[in-house]
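Q: So that you have it, the file is final34.cif, and it contains mmCIF, C-alpha atoms:
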```cif
data_structure
loop_
_atom_site.label_atom_id
_atom_site.label_comp_id
_atom_site.auth_asym_id
_atom_site.auth_seq_id
_atom_site.Cartn_x
_atom_site.Cartn_y
_atom_site.Cartn_z
CA MET A 1 0.00 0.00 0.00
CA THR A 2 1.49 3.34 -1.02
CA LEU A 3 1.56 6.41 1.22
CA LEU A 4 -1.28 7.93 -0.84
CA ASP A 5 -3.40 4.76 -0.56
CA ARG A 6 -2.81 4.63 3.20
CA SER A 7 -3.89 8.24 3.58
CA ALA A 8 -7.09 7.59 1.60
CA THR A 9 -7.82 4.54 3.72
CA GLU A 10 -7.37 6.47 6.98
CA ARG A 11 -9.88 9.06 5.76
CA ARG A 12 -12.50 6.37 5.17
CA VAL A 13 -12.07 4.65 8.57
CA PRO A 14 -14.73 5.86 11.06
CA ASP A 15 -13.66 7.38 14.34
CA GLY A 16 -12.78 4.82 16.98
CA HIS A 17 -12.01 2.12 14.38
CA LEU A 18 -8.88 0.44 13.07
CA ALA A 19 -8.34 -0.45 9.41
CA LEU A 20 -7.75 -4.21 9.34
CA PRO A 21 -6.08 -5.11 6.01
CA VAL A 22 -7.71 -7.96 4.07
CA PRO A 23 -7.16 -9.16 0.50
CA GLY A 24 -8.50 -6.51 -1.82
CA GLY A 25 -8.99 -3.77 0.76
CA PHE A 26 -9.58 -3.29 4.48
CA VAL A 27 -12.26 -3.83 7.09
CA PRO A 28 -12.96 -1.22 9.79
CA VAL A 29 -12.71 -2.79 13.27
CA HIS A 30 -14.02 -1.05 16.38
CA ARG A 31 -11.10 -0.41 18.75
CA ARG A 32 -13.13 -0.88 21.97
CA GLY A 33 -14.78 -4.00 20.54
CA LEU A 34 -11.35 -5.40 19.75
CA LEU A 35 -10.21 -4.71 23.32
CA VAL A 36 -13.34 -6.28 24.83
CA GLY A 37 -12.97 -9.30 22.57
CA GLY A 38 -9.35 -9.77 23.62
CA VAL A 39 -10.14 -9.50 27.34
CA THR A 40 -13.10 -11.88 26.96
CA ALA A 41 -10.95 -14.41 25.09
CA LEU A 42 -8.38 -14.23 27.89
CA GLY A 43 -11.15 -14.73 30.46
CA ILE A 44 -12.42 -17.80 28.57
CA LEU A 45 -8.90 -19.28 28.51
CA VAL A 46 -8.41 -18.73 32.27
CA LEU A 47 -11.83 -20.19 33.07
CA ALA A 48 -11.19 -23.21 30.84
CA LEU A 49 -7.87 -23.96 32.53
CA LEU A 50 -9.49 -23.55 35.96
CA ALA A 51 -12.30 -25.92 34.97
CA LEU A 52 -9.76 -28.50 33.81
CA CYS A 53 -8.02 -28.33 37.19
CA LEU A 54 -11.12 -28.54 39.43
CA GLY A 55 -13.20 -31.60 40.23
CA ASP A 56 -13.37 -34.67 42.45
CA TYR A 57 -9.85 -35.49 41.25
CA PRO A 58 -8.12 -32.06 41.43
CA LEU A 59 -5.10 -31.49 39.22
CA SER A 60 -2.46 -28.80 39.17
CA LEU A 61 -1.92 -26.65 36.08
CA PRO A 62 1.35 -28.44 35.13
CA GLU A 63 -0.47 -31.80 35.46
CA VAL A 64 -3.29 -30.55 33.23
CA THR A 65 -0.82 -29.27 30.64
CA ALA A 66 1.06 -32.57 30.64
CA ALA A 67 -2.21 -34.52 30.34
CA LEU A 68 -3.27 -32.43 27.34
CA PHE A 69 -0.12 -32.98 25.32
CA SER A 70 1.05 -36.45 26.36
CA ASP A 71 -0.38 -39.70 27.68
CA GLN A 72 -0.45 -39.42 31.47
CA GLY A 73 -2.71 -42.41 32.07
CA PHE A 74 -5.67 -41.70 34.35
CA ALA A 75 -4.97 -37.95 34.39
CA SER A 76 -5.23 -37.81 30.59
CA ARG A 77 -8.51 -39.70 30.70
CA ILE A 78 -9.94 -37.21 33.22
CA VAL A 79 -8.74 -34.14 31.34
CA VAL A 80 -9.19 -35.16 27.70
CA GLU A 81 -12.15 -37.54 27.83
CA TRP A 82 -14.21 -36.24 30.77
CA ARG A 83 -13.60 -32.53 31.37
CA LEU A 84 -12.45 -31.15 28.01
CA PRO A 85 -15.57 -32.03 25.94
CA ARG A 86 -17.77 -30.33 28.52
CA ILE A 87 -15.61 -27.19 28.36
CA VAL A 88 -15.55 -27.16 24.55
CA ALA A 89 -19.33 -27.63 24.52
CA ALA A 90 -19.80 -24.72 26.95
CA ILE A 91 -17.69 -22.41 24.76
CA VAL A 92 -19.20 -23.44 21.40
CA PHE A 93 -22.79 -23.67 22.63
CA GLY A 94 -22.45 -20.38 24.48
CA ALA A 95 -21.17 -18.68 21.32
CA ALA A 96 -24.12 -20.08 19.37
CA LEU A 97 -26.63 -18.85 21.98
CA GLY A 98 -25.01 -15.41 22.06
CA ALA A 99 -25.02 -15.10 18.26
CA SER A 100 -28.66 -16.20 18.11
CA GLY A 101 -29.65 -13.68 20.78
CA ALA A 102 -27.77 -10.88 18.99
CA LEU A 103 -29.52 -11.69 15.70
CA PHE A 104 -33.01 -11.60 17.20
CA GLN A 105 -32.43 -8.55 19.41
CA THR A 106 -31.09 -6.65 16.41
CA LEU A 107 -33.95 -7.89 14.23
CA THR A 108 -36.64 -6.89 16.76
CA ARG A 109 -34.73 -3.80 18.00
CA ASN A 110 -35.72 -4.82 21.49
CA PRO A 111 -33.57 -6.15 24.39
CA LEU A 112 -36.35 -8.63 25.18
CA GLY A 113 -36.28 -10.01 21.65
CA SER A 114 -34.44 -13.16 22.64
CA PRO A 115 -35.22 -16.65 21.30
CA ASP A 116 -35.87 -17.65 24.93
CA VAL A 117 -38.65 -15.08 25.22
CA ILE A 118 -40.04 -15.40 21.69
CA GLY A 119 -40.52 -19.14 22.14
CA PHE A 120 -38.05 -20.71 19.73
CA SER A 121 -36.20 -22.48 22.56
CA THR A 122 -39.50 -23.84 23.84
CA GLY A 123 -40.43 -24.95 20.32
CA ALA A 124 -37.14 -26.79 19.95
CA TYR A 125 -37.78 -28.42 23.34
CA THR A 126 -41.25 -29.49 22.14
CA GLY A 127 -39.78 -31.09 19.03
CA ALA A 128 -37.19 -32.95 21.07
CA ILE A 129 -39.78 -34.17 23.61
CA LEU A 130 -41.98 -35.48 20.80
CA VAL A 131 -39.04 -37.50 19.43
CA ILE A 132 -38.02 -38.78 22.89
CA THR A 133 -41.52 -39.77 23.96
CA LEU A 134 -42.72 -41.20 20.65
CA ALA A 135 -39.60 -42.78 19.18
CA GLY A 136 -36.92 -42.88 21.89
CA GLY A 137 -34.10 -41.32 19.98
CA SER A 138 -30.39 -40.86 19.50
CA VAL A 139 -28.60 -37.52 19.56
CA ILE A 140 -29.10 -37.16 15.80
CA THR A 141 -32.86 -37.88 15.81
CA VAL A 142 -33.40 -35.65 18.85
CA SER A 143 -31.39 -32.93 17.08
CA ILE A 144 -33.59 -33.26 14.01
CA GLY A 145 -36.70 -33.12 16.19
CA ALA A 146 -35.44 -30.02 18.02
CA LEU A 147 -34.49 -28.32 14.77
CA ALA A 148 -37.88 -29.11 13.23
CA GLY A 149 -39.69 -27.92 16.38
CA GLY A 150 -37.75 -24.67 16.46
CA LEU A 151 -38.29 -23.96 12.77
CA MET A 152 -41.99 -24.82 12.94
CA THR A 153 -42.38 -22.49 15.91
CA ALA A 154 -40.54 -19.74 14.04
CA LEU A 155 -42.83 -20.24 11.04
CA VAL A 156 -45.98 -20.08 13.19
CA VAL A 157 -44.77 -16.99 15.07
CA TYR A 158 -43.72 -15.31 11.82
CA MET A 159 -47.10 -15.97 10.15
CA LEU A 160 -49.10 -14.85 13.20
CA ALA A 161 -46.99 -11.70 13.56
CA TRP A 162 -47.24 -10.85 9.85
CA ARG A 163 -49.26 -7.76 8.98
CA ASN A 164 -47.83 -6.07 5.90
CA GLY A 165 -44.44 -7.06 7.25
CA VAL A 166 -43.12 -8.14 10.65
CA GLN A 167 -42.46 -5.62 13.41
CA GLY A 168 -40.29 -6.42 16.41
CA PHE A 169 -42.78 -5.66 19.20
CA ARG A 170 -45.57 -7.71 17.58
CA LEU A 171 -43.13 -10.59 17.05
CA ILE A 172 -42.28 -10.59 20.77
CA ILE A 173 -45.90 -10.49 21.93
CA VAL A 174 -46.91 -13.31 19.57
CA GLY A 175 -43.82 -15.25 20.64
CA ILE A 176 -44.71 -14.96 24.34
CA ALA A 177 -48.21 -16.28 23.62
CA VAL A 178 -46.84 -19.21 21.59
CA THR A 179 -44.34 -19.94 24.37
CA ALA A 180 -47.19 -20.25 26.89
CA ILE A 181 -49.06 -22.66 24.60
CA LEU A 182 -45.98 -24.79 23.94
CA SER A 183 -45.09 -24.91 27.65
CA SER A 184 -48.54 -26.34 28.37
CA LEU A 185 -48.10 -28.85 25.54
CA ASN A 186 -44.70 -29.90 26.92
CA THR A 187 -46.20 -30.49 30.37
CA TYR A 188 -49.03 -32.54 28.83
CA LEU A 189 -46.58 -34.68 26.84
CA LEU A 190 -44.48 -35.38 29.95
CA LEU A 191 -47.58 -36.31 31.99
CA ARG A 192 -48.74 -38.73 29.29
CA ALA A 193 -45.34 -40.35 28.80
CA GLN A 194 -44.07 -43.42 30.63
CA THR A 195 -42.38 -42.64 33.93
CA GLU A 196 -38.86 -43.51 32.78
CA VAL A 197 -39.21 -41.55 29.53
CA ALA A 198 -40.74 -38.57 31.33
CA MET A 199 -37.92 -38.55 33.90
CA THR A 200 -35.31 -38.70 31.13
CA ALA A 201 -36.98 -35.86 29.23
CA SER A 202 -37.37 -33.79 32.41
CA ILE A 203 -33.71 -34.18 33.39
CA TRP A 204 -32.66 -33.32 29.84
CA GLY A 205 -35.10 -30.40 29.86
CA ALA A 206 -33.28 -28.78 32.79
CA GLY A 207 -30.39 -27.97 30.45
CA SER A 208 -27.17 -29.74 31.35
CA LEU A 209 -23.69 -30.28 29.94
CA SER A 210 -22.85 -33.12 32.32
CA LEU A 211 -23.56 -35.89 29.81
CA VAL A 212 -21.98 -34.19 26.79
CA GLY A 213 -19.11 -36.18 25.31
CA TRP A 214 -16.91 -35.90 22.25
CA ASP A 215 -19.54 -37.70 20.13
CA ASP A 216 -22.17 -35.07 20.99
CA VAL A 217 -19.73 -32.21 20.43
CA GLY A 218 -18.68 -33.74 17.12
CA VAL A 219 -22.26 -33.97 15.91
CA ALA A 220 -23.05 -30.37 16.85
CA ILE A 221 -19.86 -28.49 16.13
CA GLY A 222 -19.93 -28.83 12.31
CA PRO A 223 -23.45 -27.44 11.77
CA LEU A 224 -22.85 -24.74 14.39
CA ALA A 225 -19.63 -23.65 12.64
CA VAL A 226 -21.51 -23.33 9.33
CA LEU A 227 -24.31 -21.39 11.02
CA LEU A 228 -21.85 -19.03 12.72
CA VAL A 229 -20.33 -18.27 9.30
CA LEU A 230 -23.84 -17.65 7.93
CA THR A 231 -24.41 -15.35 10.91
CA LEU A 232 -21.49 -13.21 9.78
CA LEU A 233 -22.82 -13.18 6.21
CA VAL A 234 -26.30 -11.97 7.23
CA SER A 235 -24.92 -9.41 9.67
CA GLY A 236 -24.31 -6.88 6.85
CA PRO A 237 -27.92 -6.76 5.56
CA LEU A 238 -29.11 -6.91 9.17
CA ARG A 239 -27.18 -3.69 9.93
CA GLN A 240 -28.95 -2.07 7.01
CA LEU A 241 -32.31 -3.11 8.50
CA GLU A 242 -31.38 -1.24 11.69
CA LEU A 243 -31.58 1.97 9.66
CA GLY A 244 -35.19 1.25 8.73
CA ASP A 245 -36.88 -0.62 5.90
CA ASP A 246 -36.86 2.33 3.47
CA ALA A 247 -33.14 2.96 3.94
CA ALA A 248 -32.41 -0.76 3.66
CA ARG A 249 -34.39 -1.06 0.43
CA ALA A 250 -32.55 1.98 -0.92
CA HIS A 251 -29.30 0.05 -0.38
CA GLY A 252 -30.68 -2.95 -2.25
CA VAL A 253 -31.65 -5.11 0.75
CA ARG A 254 -34.67 -7.37 0.35
CA THR A 255 -36.12 -6.69 3.78
CA GLU A 256 -38.57 -9.56 4.34
CA ARG A 257 -36.26 -12.09 2.73
CA THR A 258 -33.45 -10.92 5.03
CA ARG A 259 -35.69 -11.14 8.10
CA LEU A 260 -36.73 -14.68 7.21
CA LEU A 261 -33.12 -15.73 6.62
CA VAL A 262 -32.01 -14.21 9.93
CA MET A 263 -34.80 -16.04 11.75
CA VAL A 264 -33.88 -19.38 10.15
CA VAL A 265 -30.19 -18.99 11.08
CA GLY A 266 -31.00 -17.83 14.63
CA VAL A 267 -33.50 -20.62 15.24
CA ALA A 268 -31.14 -23.26 13.85
CA LEU A 269 -28.37 -22.07 16.18
CA ILE A 270 -30.47 -22.37 19.29
CA ALA A 271 -32.23 -25.57 18.16
CA ILE A 272 -28.97 -27.49 17.75
CA VAL A 273 -27.75 -26.39 21.17
CA THR A 274 -31.11 -27.34 22.70
CA ALA A 275 -31.02 -30.75 21.01
CA VAL A 276 -27.68 -31.67 22.58
CA SER A 277 -27.80 -30.02 25.99
CA GLY A 278 -31.47 -29.22 26.59
CA PRO A 279 -32.83 -25.66 26.81
CA ILE A 280 -30.36 -23.27 28.49
CA ALA A 281 -32.19 -20.08 29.28
CA PHE A 282 -31.16 -16.42 29.48
CA ILE A 283 -27.67 -16.68 27.94
CA ALA A 284 -29.07 -15.53 24.59
CA LEU A 285 -30.99 -12.78 26.40
CA ALA A 286 -28.24 -11.35 28.58
CA ALA A 287 -25.04 -11.70 26.52
CA PRO A 288 -25.92 -9.28 23.65
CA GLN A 289 -26.90 -6.51 26.07
CA ILE A 290 -23.76 -7.02 28.16
CA ALA A 291 -21.66 -6.93 24.97
CA ARG A 292 -23.38 -3.74 23.80
CA ARG A 293 -22.69 -2.01 27.10
CA LEU A 294 -19.07 -3.17 27.19
CA THR A 295 -18.36 -1.94 23.65
CA SER A 296 -20.43 1.24 24.07
CA GLY A 297 -21.57 0.91 20.47
CA ALA A 298 -24.85 1.99 18.92
CA GLY A 299 -25.82 -1.52 17.82
CA ILE A 300 -25.37 -5.03 19.20
CA PRO A 301 -21.98 -6.50 18.22
CA ILE A 302 -22.63 -10.07 17.11
CA GLY A 303 -19.07 -11.36 17.46
CA THR A 304 -18.56 -9.86 20.92
CA SER A 305 -21.99 -11.17 21.98
CA ALA A 306 -20.90 -14.68 21.02
CA MET A 307 -17.70 -14.39 23.04
CA VAL A 308 -19.46 -12.91 26.09
CA ALA A 309 -22.03 -15.71 25.92
CA ALA A 310 -19.29 -18.34 25.75
CA PHE A 311 -17.71 -16.81 28.86
CA LEU A 312 -21.07 -16.68 30.68
CA LEU A 313 -22.00 -20.30 29.91
CA LEU A 314 -18.54 -21.54 30.87
CA ALA A 315 -18.72 -19.59 34.16
CA ALA A 316 -22.27 -20.80 34.87
CA ASP A 317 -21.24 -24.40 34.25
CA ALA A 318 -18.27 -24.00 36.62
CA ILE A 319 -20.64 -22.63 39.27
CA ALA A 320 -23.06 -25.51 38.67
CA GLN A 321 -20.27 -28.05 39.15
CA HIS A 322 -18.11 -26.60 41.91
CA VAL A 323 -20.01 -23.91 43.82
CA VAL A 324 -23.56 -25.24 44.19
CA PRO A 325 -23.65 -28.19 46.63
CA GLY A 326 -24.43 -31.50 44.96
CA SER A 327 -23.77 -30.22 41.40
CA VAL A 328 -26.86 -29.07 39.47
CA PRO A 329 -27.63 -28.68 35.73
CA VAL A 330 -26.20 -25.50 34.27
CA GLY A 331 -29.69 -24.52 33.08
CA ILE A 332 -30.76 -24.01 36.70
CA VAL A 333 -27.84 -21.64 37.35
CA THR A 334 -28.56 -19.61 34.21
CA VAL A 335 -32.25 -19.38 35.14
CA VAL A 336 -31.38 -17.98 38.59
CA ILE A 337 -28.82 -15.50 37.27
CA GLY A 338 -30.95 -14.65 34.24
CA GLY A 339 -34.04 -14.07 36.36
CA VAL A 340 -32.20 -11.41 38.36
CA TYR A 341 -30.92 -9.89 35.12
CA LEU A 342 -34.41 -9.89 33.54
CA VAL A 343 -35.96 -8.10 36.55
CA THR A 344 -33.14 -5.53 36.46
CA LEU A 345 -33.67 -5.02 32.73
CA LEU A 346 -37.43 -4.58 33.10
CA VAL A 347 -36.99 -2.04 35.92
CA HIS A 348 -34.42 -0.15 33.84
CA GLU A 349 -36.70 -0.05 30.80
CA ALA A 350 -39.67 1.04 32.96
CA ARG A 351 -37.68 3.93 34.44
CA LYS A 352 -36.65 5.09 30.97
CA GLN A 353 -40.31 5.47 30.02
CA LEU A 354 -41.26 7.48 33.15
#
```
Can the structure in the file be given as structure tokens, please?
A:
Amino acid sequence: MTLLDRSATERRVPDGHLALPVPGGFVPVHRRGLLVGGVTALGILVLALLALCLGDYPLSLPEVTAALFSDQGFASRIVVEWRLPRIVAAIVFGAALGASGALFQTLTRNPLGSPDVIGFSTGAYTGAILVITLAGGSVITVSIGALAGGLMTALVVYMLAWRNGVQGFRLIIVGIAVTAILSSLNTYLLLRAQTEVAMTASIWGAGSLSLVGWDDVGVAIGPLAVLLVLTLLVSGPLRQLELGDDAARAHGVRTERTRLLVMVVGVALIAIVTAVSGPIAFIALAAPQIARRLTSGAGIPIGTSAMVAAFLLLAADAIAQHVVPGSVPVGIVTVVIGGVYLVTLLVHEARKQL
């Protein structure tokens, strides 16, 4: 790049951004977002190492490092086969939940526009329960059931919320109503199921990473990686939608087609996580708002939301394992923490309107 080219580039970079060189040009990167992302990544690494050390068979950091890179017998089995898949699942699943939450909150322009609240998580849970109660089911069939349940719920909510287009507030209200109906249906299905099947579905429905192994992570990580790439691809048109439909159309964005695509990607992200671990509430709700406040940006940063969510789920799982007596499913910890966050958010929003 010549001195003249560099000068022209600097003039086009918005304030507070860095020009990240890429083939064929540059991409503006928010400085504060980059700092928050770096600190969050460091926090995830520290938490992961701590989680590898803690447990009924505690290990020191040198022992964990040795077990990761060489065969240390029983220590390697504990670290590589028992603890590591749970940690990888927490990071990847958390990132998927955070990205899904960021997509829907940006789409609805509302901090309550989370797939937990709109009902897509509940719909995925309904699909998985139907597969478990009617056909038993492996991870793959339950995943397909959860994905189908989430997408069907999204389709129903989208059609019910449609009125010359879909507006965020109407989508949330319709989603809450559909969530209530699906919750009743889930309870009915569990009451009608055989005791053993109902207990299995109920335990799974609490949202836990305790039974996640490398096989489960392997099944989920490929589709989630593809969906996270698609998330980045739809983020551009989604930013245009934030400016309003007229402005988006003026820039060549097909508004309803973009909304539908964003919903499909967001639902698929949360459905796959739900299929493997059960519904884990409030991560998708809280992480995007925390990321937005940390970066102090105008919109919700999708990448930072994913990283914050990965950190939150990893921390919640560590609390579920090592802080709460008797070890509980991570979904219970996120519900408790998320409930406090939701009340705080509602009070904050109410005060803004006074």
Q: Could you tell me which residues the PyMOL selection byres ((chain A and resi 171) around 8) grabs in this file, written as a ChimeraX atom specification?
A: /A:108,118,157-158,161,166-170,172-175
Q: Figure out the distance between atom CA of A:Leu346 and atom CA of A:Leu34, please, to one decimal in Å.
A: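 A separation of 29.3 Å between them.
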Q: Give as a list in words the residues that the PyMOL selection byres ((chain A and resi 130) around 9) matches when applied to the coordinates above.
A: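 Applied to this file, the PyMOL selection byres ((chain A and resi 130) around 9) selects Tyr125, Thr126, Gly127, Ala128, Ile129, Val131, Ile132, Thr133, Leu134, Ala135, Val142, Gly145, Ala146, Asn186 and Leu189 of chain A.
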Q: So which residues fall inside 8 Å of (-39.4, -24.3, 21.1) if we count only C-alpha atoms? Mind giving them as a PDB file with C-alpha atoms, keeping the file's coordinate frame?
A:
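Output file result.pdb is given in full below:
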```
ATOM      1  CA  GLY A 119     -40.520 -19.140  22.140  1.00  0.00           C
ATOM      2  CA  PHE A 120     -38.050 -20.710  19.730  1.00  0.00           C
ATOM      3  CA  SER A 121     -36.200 -22.480  22.560  1.00  0.00           C
ATOM      4  CA  THR A 122     -39.500 -23.840  23.840  1.00  0.00           C
ATOM      5  CA  GLY A 123     -40.430 -24.950  20.320  1.00  0.00           C
ATOM      6  CA  ALA A 124     -37.140 -26.790  19.950  1.00  0.00           C
ATOM      7  CA  TYR A 125     -37.780 -28.420  23.340  1.00  0.00           C
ATOM      8  CA  THR A 126     -41.250 -29.490  22.140  1.00  0.00           C
ATOM      9  CA  GLY A 127     -39.780 -31.090  19.030  1.00  0.00           C
ATOM     10  CA  ALA A 146     -35.440 -30.020  18.020  1.00  0.00           C
ATOM     11  CA  GLY A 149     -39.690 -27.920  16.380  1.00  0.00           C
ATOM     12  CA  GLY A 150     -37.750 -24.670  16.460  1.00  0.00           C
ATOM     13  CA  THR A 153     -42.380 -22.490  15.910  1.00  0.00           C
ATOM     14  CA  THR A 179     -44.340 -19.940  24.370  1.00  0.00           C
ATOM     15  CA  LEU A 182     -45.980 -24.790  23.940  1.00  0.00           C
ATOM     16  CA  ALA A 271     -32.230 -25.570  18.160  1.00  0.00           C
TER      17      ALA A 271
END
```
Q: Give me the residues within 8 Å of A:Thr304 as a list in words, counting all atoms listed in the file and dropping any in the same chain fewer than 2 places off.
A: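 Residues near the query, excluding close chain neighbours: Gly33, Val36, Gly37, Pro288, Ala291, Pro301, Ile302, Ala306, Met307 and Val308 of chain A.
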Q: Could you state which residues are captured by the PyMOL selection byres ((chain A and resi 321-333) around 6) in this file, as a PyMOL selection string?
A: chain A and resi 206-208+280+317-320+334-336
Q: Between atom CA of A:Ile87 and atom CA of A:Ala315, what distance in Å does the model show, to one decimal?
A: 10.1 Å
Q: For the atom pair atom CA of A:Gly297 and atom CA of A:Gln240, what is the interatomic distance in Å to one decimal place?
A: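 Atom CA of A:Gln240 lies at a distance of 15.6 Å from atom CA of A:Gly297.
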Q: Neighbours of A:Ile140 within 10 Å (all atoms listed in the file; same-chain residues fewer than 5 positions away dropped), as a list in words?
A: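 Returned residues: Gly145, Ala146, Asp216, Val219, Ala220, Ile272, Ala275 and Val276 of chain A.
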Q: Measuring atom to atom with all atoms listed in the file, identify which of A:Val343, A:Ile337, A:Met263, A:Leu314 is nearest to A:Val46.
A: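 Under the stated criterion, the closest residue is A:Leu314.
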Q: Of the candidates A:Leu35, A:Leu47, A:Ala67, A:Val117, which one gets nearest to A:Ser296 if we count only C-alpha atoms?
A: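 For A:Ser296, the nearest of the candidates is A:Leu35.
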Q: Compile the contact shell of A:Ala287 as a list of chain:residue names: residues with an atom at most 6 Å away, counting all atoms listed in the file, same-chain residues fewer than 5 positions apart removed.
A: A:Gly98, A:Ser305, A:Val308, A:Ala309
Q: Is it possible to get the residues within 9 Å of (-16.2, -36.8, 23.8) (coordinates as in the file, counting only C-alpha atoms) written as a ChimeraX atom specification?
A: /A:80-82,84-86,212-218
Q: Could you write out as lines of an AutoDock Vina configuration file the box around stretch 140-151 of chain A (axis-aligned, all atoms listed in the file, 5 Å on each side), with centre and edge lengths in Å to one decimal?
A:
```
center_x = -34.4
center_y = -30.9
center_z = 15.8
size_x = 20.6
size_y = 23.9
size_z = 16.1
```
Q: Considering all atoms listed in the file, can you say which of A:Gly101, A:Gly73, A:Gly205, A:Gly55 comes closest to A:Gly278?
A: A:Gly205
